[in-house]
Number of protein chains: 2
Amino acid sequence: MAEGLQPQLGQSLLFLTDEQLRKGIEAMFFAYRGFTADPDRILAQKGYGRAHHRAIHFIHRSPGTTVNNLLSILGVTKQSLNRVLRTLIEDGLVESTVGTRDKRERHLHLTEEGAALERALSDAQRDRMRAAYRAAGPVAVAGFRQVLEAMMDEETRHHYEAMKDKTE
Amino acid sequence: MAEGLQPQLGQSLLFLTDEQLRKGIEAMFFAYRGFTADPDRILAQKGYGRAHHRAIHFIHRSPGTTVNNLLSILGVTKQSLNRVLRTLIEDGLVESTVGTRDKRERHLHLTEEGAALERALSDAQRDRMRAAYRAAGPVAVAGFRQVLEAMMDEETRHHYEAMKDKTE
DNA sequence: CTTGGAATGTCAACAAAGCTGACGTATTGT
DNA sequence: ACAATACGTCAGCTTTGTTGACATTCCAAG
């Protein structure tokens, strides 16, 4: 294949061979399964799916966020989000309040019950992430984050950076 | 394993705070979108989805693999895989041949056309991965892989390791 | 004050891709 | 001969995404 990189560059660019890249791709695929496995189990019990998790996560993260803002973070259509949001509101996990400054907007908050589910979900997900971090060590974790950030779309990275700044 | 975590707990465990873990979780979520974005565009043009991509990828990776083996790698039901496989066979991208040793088994191969699509998809995905790797550097890449591997389920990791060995 | 555009919500229809359960067929191993 | 295995398929259901059309509410500009 395109394995034949220049001799003198041999060692230093070995991490860019097609083979290395393919391993990275497969690692990403398999790891994502683990990443979602634990929350998925909790959600299935309650009759929810990943879409509910994502909504809950980002509402928790940015309390009072508007529907439009959530839309652009999640990258789905309003119809798709609305279906999920409606069940969460009906079930009393999310509260939607009309905006004061702009009454067209709805501001979203988690109720006590919603916050409880958020905690259960993120505890489960963090536990696995913590175990992985601990096993790999701080240097690996820094690299992990670097590569992930470099893999994002431009627009997505802006969302990511914006969230990052909130508690820094 | 014996990574020096004990000594000075102050700085060295900062990467395990809930805040750091949350950032890792969000990085994983946002990065996965980028990870699938390029292949998704190609697939959409051809009327396929991610499920087709996964099948094509692993058939390419393990030519002659059986349906059952593919099933356990992908972690889906045979009905779900069958639907995807059927369209790929009908469209002439995948070939299914009766086993010689065990005639109950079907061995799966990519046709020339299937291999062409595989190349287009993995080129697109590798390009982004390569850019991310290049931007982050070899040390970061090693860490990236370490964390991802530690994040996998036991069973999943076995699949991953098995694939890894094939070309090492 | 009226009107255009923005933000939101809702209805309908549809597709991809997962799931369960049941059943049939060919083949293999005991 | 019989049970188990590998595969395919039919039917039906769920989640989560998509378009398109249309109503409502509100802000702001003309």
# chains A, B, ... in the order shown; residues from 1 in each chain; ligands from 1
>>> residues_around(residues="Gly49 in chain A", least_positions_apart="3", cutoff="8 Å", atoms="only C-alpha atoms (C1' of nucleotides)", output="list in words")
Asp40, Leu43, Ala44, His52 and His53 of chain A; DT15 of chain D
>>> write_last_selection(atoms="C-alpha atoms (C1' of nucleotides)", output="short mmCIF file (atom, residue, chain, number, x, y, z; two decimals), in the first residue's frame")
data_model
loop_
_atom_site.label_atom_id
_atom_site.label_comp_id
_atom_site.auth_asym_id
_atom_site.auth_seq_id
_atom_site.Cartn_x
_atom_site.Cartn_y
_atom_site.Cartn_z
CA ASP A 40 -28.07 3.37 27.18
CA LEU A 43 -32.25 5.05 29.42
CA ALA A 44 -33.77 1.81 28.16
CA HIS A 52 -33.18 12.22 25.37
CA HIS A 53 -29.79 11.86 26.98
"C1'" DT D 15 -36.29 5.48 18.02
#
>>> interface_residues(of="chain D", to="chain A", cutoff="7 Å", atoms="only C-alpha atoms (C1' of nucleotides)", output="PDB file with N, CA and C atoms (P, O5', C5', C4', C3', O3' and C1' of nucleotides), in the first residue's frame")
ATOM      1  P    DT D  15     -39.840   4.236  21.629  1.00  0.00           P
ATOM      2  O5'  DT D  15     -38.515   4.808  20.940  1.00  0.00           O
ATOM      3  C5'  DT D  15     -37.328   4.044  21.055  1.00  0.00           C
ATOM      4  C4'  DT D  15     -36.246   4.649  20.207  1.00  0.00           C
ATOM      5  C3'  DT D  15     -36.163   6.181  20.291  1.00  0.00           C
ATOM      6  O3'  DT D  15     -34.806   6.496  20.510  1.00  0.00           O
ATOM      7  C1'  DT D  15     -36.295   5.484  18.021  1.00  0.00           C
ATOM      8  P    DG D  17     -31.709  12.212  16.798  1.00  0.00           P
ATOM      9  O5'  DG D  17     -32.115  12.825  15.379  1.00  0.00           O
ATOM     10  C5'  DG D  17     -31.209  12.774  14.326  1.00  0.00           C
ATOM     11  C4'  DG D  17     -31.845  12.391  13.011  1.00  0.00           C
ATOM     12  C3'  DG D  17     -32.551  13.512  12.232  1.00  0.00           C
ATOM     13  O3'  DG D  17     -31.626  14.395  11.642  1.00  0.00           O
ATOM     14  C1'  DG D  17     -33.664  11.432  11.965  1.00  0.00           C
ATOM     15  P    DT D  25     -51.453  33.266  19.328  1.00  0.00           P
ATOM     16  O5'  DT D  25     -50.099  33.823  19.974  1.00  0.00           O
ATOM     17  C5'  DT D  25     -48.977  32.958  20.139  1.00  0.00           C
ATOM     18  C4'  DT D  25     -47.697  33.746  20.067  1.00  0.00           C
ATOM     19  C3'  DT D  25     -47.833  35.217  20.474  1.00  0.00           C
ATOM     20  O3'  DT D  25     -46.892  35.463  21.485  1.00  0.00           O
ATOM     21  C1'  DT D  25     -46.595  35.008  18.471  1.00  0.00           C
ATOM     22  P    DC D  26     -47.064  36.782  22.432  1.00  0.00           P
ATOM     23  O5'  DC D  26     -45.858  37.671  21.897  1.00  0.00           O
ATOM     24  C5'  DC D  26     -44.536  37.106  21.905  1.00  0.00           C
ATOM     25  C4'  DC D  26     -43.683  37.821  20.902  1.00  0.00           C
ATOM     26  C3'  DC D  26     -43.609  39.335  21.101  1.00  0.00           C
ATOM     27  O3'  DC D  26     -42.319  39.630  21.626  1.00  0.00           O
ATOM     28  C1'  DC D  26     -43.700  38.683  18.795  1.00  0.00           C
TER      29       DC D  26
END
>>> calpha_fit_rmsd(fixed="chain B", moving="chain A")
3.7 Å
>>> closest_residue(among="A:Ile25, A:Ala124, A:Leu74, A:Val98", to="chain C", atoms="only C-alpha atoms (C1' of nucleotides)")
A:Val98
>>> interface_residues(of="chain B", to="chain A", cutoff="7 Å", atoms="only C-alpha atoms", output="mmCIF file with C-alpha atoms, in the first residue's frame")
data_model
loop_
_atom_site.group_PDB
_atom_site.id
_atom_site.type_symbol
_atom_site.label_atom_id
_atom_site.label_comp_id
_atom_site.auth_asym_id
_atom_site.auth_seq_id
_atom_site.Cartn_x
_atom_site.Cartn_y
_atom_site.Cartn_z
ATOM 1 C CA MET B 1 -0.208 0.154 34.966
ATOM 2 C CA GLU B 3 2.075 4.900 36.133
ATOM 3 C CA PHE B 15 -7.241 15.141 34.836
ATOM 4 C CA LEU B 16 -9.707 13.038 36.826
ATOM 5 C CA LEU B 21 -14.263 14.056 32.554
ATOM 6 C CA LYS B 23 -15.013 17.760 28.761
ATOM 7 C CA GLY B 24 -13.811 14.383 27.605
ATOM 8 C CA ALA B 27 -15.187 15.969 23.095
ATOM 9 C CA MET B 28 -16.111 12.379 22.335
ATOM 10 C CA PHE B 30 -18.613 16.241 19.088
ATOM 11 C CA ALA B 31 -15.645 14.443 17.566
ATOM 12 C CA GLY B 34 -16.775 14.844 12.562
ATOM 13 C CA PHE B 35 -15.598 11.278 12.376
ATOM 14 C CA ARG B 126 -8.658 8.692 6.698
ATOM 15 C CA ARG B 128 -9.745 13.718 8.344
ATOM 16 C CA MET B 129 -8.065 11.311 10.708
ATOM 17 C CA ARG B 130 -4.719 12.057 9.117
ATOM 18 C CA ALA B 132 -6.145 15.310 13.149
ATOM 19 C CA TYR B 133 -3.155 13.053 13.754
ATOM 20 C CA ALA B 135 -2.133 18.393 14.003
ATOM 21 C CA ALA B 136 -1.842 16.560 17.308
ATOM 22 C CA PRO B 138 2.638 11.192 17.554
ATOM 23 C CA VAL B 139 2.601 11.429 21.343
ATOM 24 C CA ALA B 140 -0.982 12.645 21.342
ATOM 25 C CA VAL B 141 -1.946 9.894 18.928
ATOM 26 C CA ALA B 142 -0.537 7.232 21.216
ATOM 27 C CA GLY B 143 -2.540 8.665 24.093
ATOM 28 C CA PHE B 144 -5.651 8.896 21.949
ATOM 29 C CA ARG B 145 -5.464 5.200 21.183
ATOM 30 C CA GLN B 146 -4.707 4.251 24.770
ATOM 31 C CA VAL B 147 -7.746 6.048 26.128
ATOM 32 C CA LEU B 148 -10.044 4.682 23.435
ATOM 33 C CA GLU B 149 -8.889 1.134 24.064
ATOM 34 C CA ALA B 150 -9.449 1.538 27.768
ATOM 35 C CA MET B 151 -12.963 2.749 27.071
ATOM 36 C CA MET B 152 -14.085 -0.363 25.214
ATOM 37 C CA ASP B 153 -16.106 -3.202 26.648
ATOM 38 C CA THR B 156 -15.476 -5.408 22.083
ATOM 39 C CA LYS B 164 -5.280 -5.294 15.044
#
>>> closest_atom_pairs(of="chain C", to="chain B", cutoff="12 Å", atoms="only C-alpha atoms (C1' of nucleotides)", output="CSV")
residue,atom,partner,partner_atom,distance
C:DA15,C1',B:Gly49,CA,10.7
C:DA16,C1',B:Gly49,CA,7.1
C:DA17,C1',B:Ser80,CA,7.1
C:DG18,C1',B:Ser80,CA,6.8
C:DC19,C1',B:Thr77,CA,7.9
C:DT20,C1',B:Thr77,CA,10.0
C:DG21,C1',B:Gln79,CA,11.5
C:DT25,C1',B:Arg104,CA,10.1
C:DA26,C1',B:Arg104,CA,6.7
C:DT27,C1',B:Arg104,CA,5.6
C:DT28,C1',B:Asp102,CA,7.7
C:DG29,C1',B:Asp102,CA,11.4
>>> write_last_selection(atoms="C-alpha atoms (C1' of nucleotides)", output="PDB file, in the first residue's frame")
ATOM      1  C1'  DA C  15     -36.791   6.564   5.853  1.00  0.00           C
ATOM      2  C1'  DA C  16     -32.867   4.326   8.184  1.00  0.00           C
ATOM      3  C1'  DA C  17     -31.642   1.122  11.287  1.00  0.00           C
ATOM      4  C1'  DG C  18     -32.147  -0.996  15.323  1.00  0.00           C
ATOM      5  C1'  DC C  19     -35.198  -4.660  17.967  1.00  0.00           C
ATOM      6  C1'  DT C  20     -38.235  -9.258  19.011  1.00  0.00           C
ATOM      7  C1'  DG C  21     -40.422 -13.392  17.643  1.00  0.00           C
ATOM      8  C1'  DT C  25     -34.104 -24.844   5.042  1.00  0.00           C
ATOM      9  C1'  DA C  26     -29.810 -26.745   4.511  1.00  0.00           C
ATOM     10  C1'  DT C  27     -26.057 -28.773   6.724  1.00  0.00           C
ATOM     11  C1'  DT C  28     -23.374 -30.663  10.298  1.00  0.00           C
ATOM     12  C1'  DG C  29     -22.063 -33.302  14.204  1.00  0.00           C
TER      13       DG C  29
END
>>> select_by_dssp(residues="range 73-105 of chain B", states="helix (DSSP H, G or I)", output="ChimeraX atom specification")
/B:73-74,78-90
>>> atom_distance(atom1="C1' of DT19 in chain D", atom2="C1' of DA12 in chain C")
10.4 Å
>>> closest_residue(among="A:Gly47, A:Pro39, A:Gly99, A:Gly64", to="Ala120 in chain A", atoms="only C-alpha atoms")
A:Pro39
>>> atom_distance(atom1="CA of Glu155 in chain B", atom2="CA of His107 in chain B")
23.0 Å
>>> select_by_dssp(residues="range 26-158 of chain B", states="strand (DSSP E)", output="list in words")
Thr65, Thr66, Val94, Glu95, Ser96, Thr97, Val98, Arg106, His107, Leu108, His109 and Leu110 of chain B
>>> write_last_selection(atoms="C-alpha atoms", output="CSV table (one decimal), in the first residue's frame")
chain,number,residue,atom,x,y,z
B,65,THR,CA,-15.7,-13.5,6.9
B,66,THR,CA,-19.0,-15.3,7.7
B,94,VAL,CA,-20.8,-7.7,-2.0
B,95,GLU,CA,-20.5,-11.3,-3.0
B,96,SER,CA,-21.8,-14.1,-0.9
B,97,THR,CA,-20.3,-17.6,-1.5
B,98,VAL,CA,-21.3,-20.9,0.1
B,106,ARG,CA,-21.7,-17.8,3.6
B,107,HIS,CA,-18.4,-16.1,3.0
B,108,LEU,CA,-18.5,-12.4,2.2
B,109,HIS,CA,-16.2,-10.6,-0.2
B,110,LEU,CA,-16.3,-7.2,-1.8
